[in-house]
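This is final15.txt (compact mmCIF, C-alpha atoms).
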# COMPACT_ATOMS: atom_id res chain seq x y z
CA MET L 32 -49.95 -45.07 -6.49
CA LEU L 33 -48.65 -48.54 -5.58
CA LEU L 34 -47.13 -49.11 -2.13
CA LEU L 35 -43.83 -51.01 -2.08
CA ARG L 36 -41.20 -51.77 0.54
CA PHE L 37 -37.99 -49.93 -0.34
CA LEU L 38 -34.57 -50.57 1.19
CA VAL L 39 -32.29 -47.62 0.49
CA VAL L 40 -28.67 -48.65 0.87
CA GLY L 41 -26.89 -45.50 1.95
CA ALA L 42 -28.42 -42.35 3.42
CA GLY L 43 -25.96 -39.95 1.88
CA ALA L 44 -26.90 -37.15 -0.49
CA VAL L 45 -28.38 -39.37 -3.22
CA GLY L 46 -29.96 -42.08 -1.08
CA GLY L 47 -31.17 -39.54 1.44
CA TYR L 48 -32.77 -37.36 -1.21
CA PHE L 49 -34.62 -39.99 -3.22
CA GLY L 50 -35.41 -42.14 -0.17
CA GLY L 51 -36.77 -39.09 1.61
CA ARG L 52 -38.93 -38.12 -1.34
CA LEU L 53 -40.31 -41.67 -1.52
CA MET L 54 -41.15 -41.49 2.20
CA GLU L 55 -42.80 -38.13 1.63
CA ASN L 56 -44.90 -39.85 -1.05
CA GLY L 57 -46.16 -42.47 1.40
CA GLN L 58 -43.85 -45.36 0.50
CA ASP L 59 -42.50 -47.79 3.13
CA VAL L 60 -38.81 -46.84 3.18
CA THR L 61 -36.01 -48.23 5.34
CA PHE L 62 -32.40 -47.03 5.18
CA LEU L 63 -29.53 -49.52 5.55
CA VAL L 64 -26.76 -47.48 7.19
CA ARG L 65 -23.71 -47.61 9.43
CA PRO L 66 -24.18 -47.25 13.22
CA HIS L 67 -22.88 -43.65 13.24
CA ARG L 68 -25.39 -42.59 10.59
CA GLN L 69 -28.15 -44.51 12.36
CA LYS L 70 -27.52 -42.54 15.57
CA GLN L 71 -27.43 -39.28 13.62
CA LEU L 72 -30.74 -40.03 11.92
CA ALA L 73 -32.32 -41.18 15.19
CA LYS L 74 -31.38 -37.88 16.80
CA SER L 75 -32.23 -35.40 14.03
CA GLY L 76 -34.26 -37.32 11.48
CA LEU L 77 -33.73 -37.07 7.74
CA VAL L 78 -33.52 -33.46 6.59
CA ILE L 79 -33.63 -32.27 2.96
CA HIS L 80 -33.03 -28.68 1.86
CA SER L 81 -34.17 -28.13 -1.73
CA SER L 82 -35.68 -25.52 -4.03
CA HIS L 83 -38.36 -28.15 -4.71
CA GLY L 84 -39.38 -28.07 -1.04
CA ASP L 85 -37.75 -28.96 2.25
CA PHE L 86 -38.46 -32.19 4.08
CA ARG L 87 -37.84 -33.39 7.64
CA SER L 88 -38.97 -36.67 9.14
CA PRO L 89 -37.99 -39.53 11.46
CA VAL L 90 -36.88 -42.55 9.45
CA GLN L 91 -36.72 -46.32 9.72
CA THR L 92 -33.16 -47.63 9.71
CA LEU L 93 -31.27 -50.89 9.84
CA THR L 94 -27.59 -51.50 10.41
CA PRO L 95 -26.02 -54.50 8.66
CA GLY L 96 -27.02 -57.70 10.40
CA GLN L 97 -30.17 -56.36 12.03
CA GLN L 98 -33.25 -58.38 11.18
CA GLY L 99 -35.54 -57.09 8.45
CA GLY L 100 -36.84 -57.75 4.96
CA PRO L 101 -37.19 -59.07 2.42
CA PHE L 102 -37.87 -55.89 0.46
CA ASP L 103 -39.56 -55.26 -2.86
CA VAL L 104 -36.99 -52.79 -4.20
CA VAL L 105 -33.40 -52.07 -3.18
CA LEU L 106 -32.31 -48.55 -4.09
CA LEU L 107 -28.52 -48.92 -4.15
CA ALA L 108 -27.09 -45.45 -3.58
CA VAL L 109 -23.51 -45.95 -2.40
CA LYS L 110 -20.23 -44.77 -3.82
CA ALA L 111 -18.57 -47.33 -6.09
CA TYR L 112 -15.72 -47.93 -3.62
CA HIS L 113 -18.34 -49.16 -1.10
CA LEU L 114 -19.97 -51.62 -3.53
CA GLU L 115 -18.32 -54.80 -2.24
CA GLN L 116 -19.31 -54.11 1.34
CA ALA L 117 -22.82 -53.13 0.27
CA ILE L 118 -23.25 -56.46 -1.55
CA GLN L 119 -22.35 -58.39 1.60
CA ASP L 120 -24.63 -56.20 3.71
CA LEU L 121 -27.53 -56.73 1.30
CA ILE L 122 -27.63 -60.51 1.23
CA PRO L 123 -29.90 -61.04 4.29
CA TYR L 124 -32.49 -58.59 2.95
CA MET L 125 -32.91 -60.05 -0.52
CA GLY L 126 -35.89 -62.19 -1.51
CA ASP L 127 -36.45 -64.12 -4.72
CA ASP L 128 -38.50 -61.25 -6.16
CA THR L 129 -36.43 -58.36 -4.80
CA VAL L 130 -35.42 -55.89 -7.51
CA ILE L 131 -32.12 -53.96 -7.27
CA LEU L 132 -32.16 -50.46 -8.73
CA PRO L 133 -28.54 -49.25 -8.68
CA LEU L 134 -27.73 -45.54 -8.85
CA LEU L 135 -23.95 -45.90 -8.90
CA ASN L 136 -21.82 -44.01 -11.36
CA GLY L 137 -20.19 -45.88 -14.23
CA MET L 138 -21.13 -49.24 -15.74
CA VAL L 139 -19.01 -52.07 -14.35
CA HIS L 140 -21.03 -52.31 -11.13
CA LEU L 141 -23.70 -54.05 -13.22
CA ASP L 142 -21.27 -56.92 -13.87
CA ARG L 143 -20.50 -57.27 -10.16
CA LEU L 144 -24.17 -57.19 -9.14
CA GLU L 145 -24.95 -59.88 -11.72
CA GLU L 146 -22.23 -62.06 -10.19
CA ALA L 147 -23.51 -61.55 -6.65
CA PHE L 148 -27.24 -61.87 -7.31
CA SER L 149 -29.51 -63.23 -10.00
CA PRO L 150 -28.96 -61.25 -13.25
CA GLY L 151 -32.72 -61.00 -13.54
CA GLN L 152 -32.90 -59.01 -10.30
CA VAL L 153 -30.75 -56.12 -11.52
CA LEU L 154 -32.35 -53.18 -13.31
CA GLY L 155 -30.53 -50.38 -15.05
CA GLY L 156 -30.63 -47.04 -13.30
CA LEU L 157 -29.09 -43.62 -12.91
CA CYS L 158 -29.84 -40.29 -11.33
CA LEU L 159 -29.11 -36.70 -12.31
CA ILE L 160 -28.85 -34.53 -9.23
CA GLU L 161 -26.40 -32.18 -7.57
CA ALA L 162 -26.54 -32.74 -3.84
CA THR L 163 -24.28 -33.14 -0.83
CA LEU L 164 -24.44 -33.71 2.92
CA ASN L 165 -23.62 -30.75 5.12
CA GLY L 166 -21.76 -31.00 8.40
CA ALA L 167 -24.96 -31.81 10.27
CA GLY L 168 -25.72 -34.77 7.98
CA GLU L 169 -28.52 -32.91 6.18
CA VAL L 170 -29.10 -33.28 2.44
CA LYS L 171 -28.49 -30.08 0.49
CA HIS L 172 -29.89 -30.18 -3.05
CA PHE L 173 -28.54 -27.66 -5.55
CA GLY L 174 -30.21 -26.59 -8.79
CA GLU L 175 -33.39 -27.90 -10.36
CA ARG L 176 -32.45 -31.39 -11.54
CA HIS L 177 -33.65 -34.33 -9.48
CA HIS L 178 -34.17 -37.05 -12.07
CA LEU L 179 -34.13 -40.82 -11.49
CA PHE L 180 -34.16 -43.04 -14.59
CA PHE L 181 -34.81 -46.79 -14.46
CA GLY L 182 -35.63 -49.63 -16.80
CA GLU L 183 -34.98 -53.17 -17.94
CA ARG L 184 -31.54 -53.42 -19.48
CA ASP L 185 -32.91 -55.20 -22.54
CA GLY L 186 -35.38 -52.36 -23.10
CA SER L 187 -38.45 -54.49 -22.43
CA GLU L 188 -41.60 -53.36 -20.66
CA SER L 189 -41.92 -55.53 -17.55
CA VAL L 190 -44.38 -55.83 -14.70
CA ARG L 191 -41.73 -54.98 -12.11
CA VAL L 192 -40.70 -51.81 -13.93
CA ARG L 193 -44.33 -50.73 -14.10
CA ARG L 194 -44.61 -51.38 -10.35
CA VAL L 195 -41.60 -49.16 -9.63
CA GLU L 196 -43.07 -46.49 -11.91
CA GLN L 197 -46.39 -46.62 -10.07
CA ALA L 198 -44.65 -46.34 -6.69
CA MET L 199 -42.92 -43.16 -7.85
CA GLU L 200 -46.07 -41.48 -9.16
CA GLY L 201 -46.66 -38.24 -7.29
CA ALA L 202 -43.21 -38.18 -5.64
CA ARG L 203 -41.45 -34.83 -5.56
CA PHE L 204 -38.76 -35.89 -8.06
CA GLU L 205 -38.73 -36.94 -11.71
CA GLY L 206 -39.00 -40.72 -11.82
CA ILE L 207 -38.61 -41.69 -15.47
CA LYS L 208 -39.02 -45.15 -16.98
CA SER L 209 -36.67 -45.66 -19.92
CA GLY L 210 -36.62 -48.22 -22.72
CA GLU L 211 -33.01 -47.20 -23.45
CA ILE L 212 -31.58 -47.29 -19.96
CA LEU L 213 -28.15 -48.62 -20.93
CA ARG L 214 -27.65 -45.84 -23.49
CA ARG L 215 -28.72 -43.31 -20.86
CA MET L 216 -26.24 -44.81 -18.41
CA TRP L 217 -23.43 -44.56 -20.95
CA GLU L 218 -24.46 -40.97 -21.70
CA LYS L 219 -24.20 -40.12 -18.02
CA TYR L 220 -20.88 -41.96 -17.75
CA LEU L 221 -19.36 -39.91 -20.58
CA PHE L 222 -20.79 -36.74 -19.05
CA LEU L 223 -19.69 -37.47 -15.50
CA ALA L 224 -16.20 -38.72 -16.34
CA THR L 225 -15.61 -35.55 -18.37
CA PHE L 226 -17.27 -33.11 -15.97
CA SER L 227 -15.67 -34.59 -12.84
CA GLY L 228 -12.36 -34.99 -14.62
CA VAL L 229 -11.98 -31.44 -15.87
CA THR L 230 -13.34 -29.73 -12.73
CA SER L 231 -11.11 -31.85 -10.49
CA LEU L 232 -8.09 -31.28 -12.69
CA MET L 233 -8.63 -27.51 -12.76
CA ASN L 234 -9.96 -27.27 -9.18
CA SER L 235 -12.80 -25.09 -10.43
CA SER L 236 -16.50 -24.98 -11.15
CA ILE L 237 -17.31 -25.45 -14.81
CA GLY L 238 -17.94 -21.79 -15.74
CA PRO L 239 -14.39 -20.41 -15.46
CA ILE L 240 -13.06 -23.45 -17.31
CA LEU L 241 -15.33 -22.99 -20.32
CA GLU L 242 -14.85 -19.22 -20.42
CA THR L 243 -11.31 -19.67 -21.72
CA GLY L 244 -10.72 -20.98 -25.21
CA GLU L 245 -8.11 -23.39 -23.94
CA GLY L 246 -10.40 -24.75 -21.24
CA SER L 247 -13.27 -25.28 -23.65
CA SER L 248 -11.14 -27.15 -26.18
CA LEU L 249 -9.47 -29.17 -23.44
CA THR L 250 -12.89 -30.23 -22.12
CA ARG L 251 -13.95 -31.38 -25.57
CA ARG L 252 -10.69 -33.25 -26.11
CA LEU L 253 -11.08 -35.02 -22.76
CA LEU L 254 -14.61 -36.05 -23.73
CA ASP L 255 -13.36 -37.40 -27.07
CA GLU L 256 -10.70 -39.48 -25.29
CA ILE L 257 -13.28 -40.81 -22.83
CA ALA L 258 -15.63 -41.75 -25.68
CA CYS L 259 -12.75 -43.48 -27.46
CA ALA L 260 -12.02 -45.53 -24.35
CA ALA L 261 -15.69 -46.37 -23.77
CA ARG L 262 -16.14 -47.64 -27.34
CA HIS L 263 -13.81 -50.52 -26.53
CA ARG L 264 -16.64 -51.79 -24.31
CA GLU L 265 -19.67 -50.33 -26.14
CA PRO L 266 -19.06 -49.69 -29.87
CA SER L 267 -22.57 -48.21 -30.34
CA LEU L 268 -21.60 -44.90 -28.71
CA ASP L 269 -21.89 -42.69 -31.78
CA ASP L 270 -20.78 -39.14 -32.54
CA ALA L 271 -24.31 -37.80 -31.99
CA LEU L 272 -24.20 -38.99 -28.38
CA VAL L 273 -20.79 -37.41 -27.81
CA LYS L 274 -22.03 -34.12 -29.25
CA LYS L 275 -25.09 -34.25 -27.00
CA VAL L 276 -22.90 -34.80 -23.93
CA TYR L 277 -20.68 -31.85 -24.84
CA GLU L 278 -23.73 -29.62 -25.20
CA MET L 279 -24.92 -30.78 -21.78
CA ILE L 280 -21.61 -29.66 -20.30
CA ARG L 281 -21.58 -26.36 -22.18
CA PHE L 282 -24.99 -25.37 -20.84
CA LEU L 283 -24.39 -26.24 -17.20
CA GLU L 284 -24.79 -23.47 -14.66
CA PRO L 285 -21.35 -21.78 -14.46
CA SER L 286 -21.24 -22.31 -10.69
CA MET L 287 -21.72 -26.08 -10.92
CA LYS L 288 -19.07 -28.32 -9.41
CA SER L 289 -18.86 -32.06 -9.77
CA SER L 290 -19.50 -34.16 -6.68
CA MET L 291 -15.94 -35.41 -7.11
CA LEU L 292 -14.57 -31.90 -6.70
CA ARG L 293 -16.85 -31.32 -3.71
CA ASP L 294 -15.50 -34.52 -2.15
CA MET L 295 -11.93 -33.35 -2.77
CA GLU L 296 -12.69 -30.03 -1.10
CA LYS L 297 -13.86 -31.99 1.96
CA GLY L 298 -10.86 -34.34 1.92
CA ALA L 299 -13.14 -37.31 1.21
CA PRO L 300 -12.45 -40.36 -1.01
CA VAL L 301 -13.20 -40.01 -4.73
CA GLU L 302 -14.33 -42.42 -7.44
CA GLY L 303 -11.41 -41.86 -9.81
CA GLU L 304 -10.55 -45.55 -9.83
CA HIS L 305 -14.12 -46.50 -10.75
CA LEU L 306 -14.69 -43.80 -13.37
CA GLN L 307 -11.53 -42.67 -15.15
CA GLY L 308 -9.45 -45.68 -14.09
CA VAL L 309 -11.96 -48.18 -15.46
CA LEU L 310 -12.08 -46.29 -18.76
CA LEU L 311 -8.31 -46.54 -19.14
CA ARG L 312 -8.48 -50.27 -18.47
CA MET L 313 -11.26 -50.63 -21.04
CA ALA L 314 -9.03 -49.02 -23.66
CA GLY L 315 -5.91 -51.00 -22.80
CA LYS L 316 -2.28 -49.95 -22.47
CA GLU L 317 -1.79 -49.33 -26.18
CA ALA L 318 -4.40 -46.54 -26.35
CA ASP L 319 -3.07 -42.97 -26.58
CA LEU L 320 -5.22 -41.05 -24.10
CA PRO L 321 -2.95 -38.38 -22.56
CA LEU L 322 -5.62 -36.13 -21.05
CA LEU L 323 -7.58 -38.98 -19.52
CA SER L 324 -4.33 -40.38 -18.14
CA THR L 325 -3.46 -36.96 -16.69
CA VAL L 326 -6.82 -36.70 -14.93
CA TYR L 327 -6.49 -40.21 -13.54
CA ASN L 328 -2.97 -39.51 -12.32
CA ARG L 329 -4.17 -36.31 -10.62
CA LEU L 330 -6.81 -38.32 -8.77
CA GLN L 331 -4.32 -41.04 -7.81
CA ILE L 332 -2.03 -38.41 -6.31
CA TYR L 333 -4.93 -36.86 -4.42
CA GLU L 334 -5.89 -40.25 -2.96
CA ALA L 335 -2.29 -41.07 -2.00
CA ASN L 336 -1.91 -37.74 -0.21
CA ARG L 337 -5.28 -38.14 1.47
CA GLN L 338 -4.41 -41.59 2.74
CA GLN L 339 -1.11 -40.28 4.07
CA GLU L 340 -2.89 -37.53 5.98
CA VAL L 341 -5.39 -40.03 7.41
CA THR L 342 -2.55 -42.29 8.52
CA HIS L 343 -0.73 -39.46 10.28
CA SER L 344 -3.78 -37.83 11.84
Show how you would write the structure in this file as C-alpha cells.
Amino acid sequence: MLLLRFLVVGAGAVGGYFGGRLMENGQDVTFLVRPHRQKQLAKSGLVIHSSHGDFRSPVQTLTPGQQGGPFDVVLLAVKAYHLEQAIQDLIPYMGDDTVILPLLNGMVHLDRLEEAFSPGQVLGGLCLIEATLNGAGEVKHFGERHHLFFGERDGSESVRVRRVEQAMEGARFEGIKSGEILRRMWEKYLFLATFSGVTSLMNSSIGPILETGEGSSLTRRLLDEIACAARHREPSLDDALVKKVYEMIRFLEPSMKSSMLRDMEKGAPVEGEHLQGVLLRMAGKEADLPLLSTVYNRLQIYEANRQQEVTHS
C-alpha cells in the first residue's frame, strides 16, 4: 500500500464515506469543509454506518483559507451546484503534481475543472453508492455497492493512476482502475438521470414504478430520450450501452430511492439543473424530448417552491 496525502472536498455522504474508508486504511486524509461541519466533526468525529462495517474516528479538517497542503490527491465530492465555490476553495491547496479525482454526477464539470486547473491534473472518476447523512451528520450507507472508479480520460496507464490504485489497496470499498472511464461516466450519467428523474417525478422508490406496465415503459422511454440528448455530445453511446443501463435499473432493489428524491424529501437543493437541464441544453431547443422536459420542469418547480419557503422562513 502506498501512502498519499488526500484532501477530500466535502464531508457529506460520499466524501465522508470514501474519505473515512481511506483513513481506516491508513491514508493521510484531510477534509475541506465549512465551519459548521468542522465543529460537528470536531465534536463527534466522522461516523459511518454500513453493512460493510461501521467506522468512527476523529478527523483532520480545514476550512477554506486555513493553511495546509499541497496534497497529492483531491477527492472532489461536492454537489454540482457547489462546484464553483469548491474550485475557489481548492486553489491554495493545489500543487503542480496534485491530481483531482472528481466524483460529481454528470459530465460538464470536467470542462470547468479543465478551465480552472491544468487539464493534465484532472482524472475521470465516478462512484456507485447509496448513502446519506442523518440528522446527526453521520454517514448512513445503504445496500452493498460502494464502488469508486477512476482512470485517465484518454484510457492510458499512467504512474499517477497506479499510485492512486496502490493507495486504495486494502480499503473497505471497491476502488477500480478503468481504461474506459469516460464511457463508465456516461453510463452512470444515463443511469442516474433516468433513475433520479423517474423516482423524483413519481415520488417513489423504483420498485412500485416498475411494477406497473405504464411505469416500466415510461422509465424506458425516459432513458431513450436521455440517450438521444446525450448523443449530441457523445455520439459513441450505442444501443448496447442503453440496454445495459435499463437492465441496471430493472434489477435495482425495489426499495431503492435516488439521492435526488432523498434530498427532496429533506427539502434540500437538487441537481436537476446539472443533470436533466444540461441534457436538454445538449440536445438543443429543436429536440422533441417531452418526458425529459417534464422531469426537468418538475424539478424546477420544486426548486422554486423550496426557495420561496427558505425566503419566508
For Thr230 of chain L, find every residue with an atom within 9 Å (counting only C-alpha atoms), except residues of its own chain fewer than 2 positions away, and show them as a PyMOL selection string. chain L and resi 225-228+232-237+240+288-289+291-292
Which residues of segment 107-189 of chain L come within 9 Å of segment 83-102 of chain L, and for each one, what is the closest pair of atoms and their distance in Å to one decimal, counting only C-alpha atoms, sorted by chain and residue number, as a tab-separated table?
residue	atom	partner	partner_atom	distance
L:Gln119	CA	L:Pro95	CA	8.9
L:Asp120	CA	L:Pro95	CA	5.4
L:Leu121	CA	L:Pro95	CA	7.8
L:Pro123	CA	L:Gly96	CA	7.5
L:Tyr124	CA	L:Pro101	CA	4.8
L:Met125	CA	L:Pro101	CA	5.3
L:Gly126	CA	L:Pro101	CA	5.2
L:Asp127	CA	L:Pro101	CA	8.8
L:Asp128	CA	L:Phe102	CA	8.5
L:Thr129	CA	L:Phe102	CA	6.0
L:Val130	CA	L:Phe102	CA	8.3
L:His172	CA	L:His83	CA	8.9
L:Glu175	CA	L:His83	CA	7.5
List as CSV every residue of segment 93-205 of chain L that is in contact with segment 310-319 of chain L, defined as an atom at most 12 Å from one of its atoms (using all atoms listed in the file), together with the nearest atom pair and the distance in Å rounded to one decimal, sorted by chain and then rising number.
residue,atom,partner,partner_atom,distance
L:Gly137,CA,L:Leu310,CA,9.3
L:Met138,CA,L:Leu310,CA,10.0
L:Val139,CA,L:Leu310,CA,10.0
Using all atoms listed in the file, which protein or nucleic acid residues come within 7 Å of Gly303 of chain L? Drop anything in the same chain fewer than 4 positions from it, and give the result as a PyMOL selection string. chain L and resi 307-308+327+330
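Using all atoms listed in the file for every distance, the candidate list L:Gly43, L:Pro150, L:Pro239, L:Gly298 yields L:Gly43 as the residue closest to Val64 of chain L.
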Looking at L:Asp255, L:Glu265, L:Glu188, L:Glu302, which one is nearest to His113 of chain L, with distances taken over all atoms listed in the file?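 Using all atoms listed in the file, the shortest distance to His113 of chain L belongs to L:Glu302.
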Work out how far apart atom CA of Gly246 of chain L and atom CA of Asn328 of chain L are and give it in Å to one decimal. 18.8 Å
So the first atom is atom CA of Leu283 of chain L and the second is atom CA of Glu200 of chain L; what is the distance between them in Å, to one decimal place?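 Distance reported for this atom pair: 27.7 Å.
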Nearest residue to Glu296 of chain L out of L:Gln152, L:Val309, L:Ser324, L:Ser231, using only C-alpha atoms?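 Looking at the shortest contact to Glu296 of chain L, the residue is L:Ser231.
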One decimal place gives the atom CA of Glu334 of chain L-atom CA of Pro300 of chain L separation as 6.8 Å
Taking all atoms listed in the file into account, which of L:Lys274, L:Leu132, L:Leu249, L:Gly166 comes nearest Val153 of chain L?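 For Val153 of chain L, the nearest of the candidates is L:Leu132.
When only C-alpha atoms are used to compute distances to Arg194 of chain L, the closest of the residues L:Ala299, L:Leu114, L:Lys74, L:Asp103 turns out to be L:Asp103.
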Taking 3 positions as the minimum chain separation for residues in the same chain, which residues sit within 12 Å of Ser75 of chain L when counting only C-alpha atoms? Answer as a PyMOL selection string. chain L and resi 68-72+78-79+87-90+167-169
Which residue gives the smallest distance to Thr61 of chain L among L:Ile118, L:Ile332, L:Val105, L:Leu134, with only C-alpha atoms counted?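 Ranked by minimum distance to Thr61 of chain L, first place goes to L:Val105.
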Residues at most 10 Å from Ala117 of chain L, counting only C-alpha atoms, excluding those fewer than 6 positions away in the same chain, as a list in words?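 So the residues in contact are Val40, Gly41, Leu63, Val64, Pro95, Leu107, Ala108, Val109, Lys110 and Ala111 of chain L.
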Any idea what's packed within 10 Å of Glu242 of chain L, counting all atoms listed in the file, ignoring anything in its chain fewer than 5 positions away? Could you give it as a list in words?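 The residues satisfying every condition are Ile237, Ser247, Arg281 and Pro285 of chain L.
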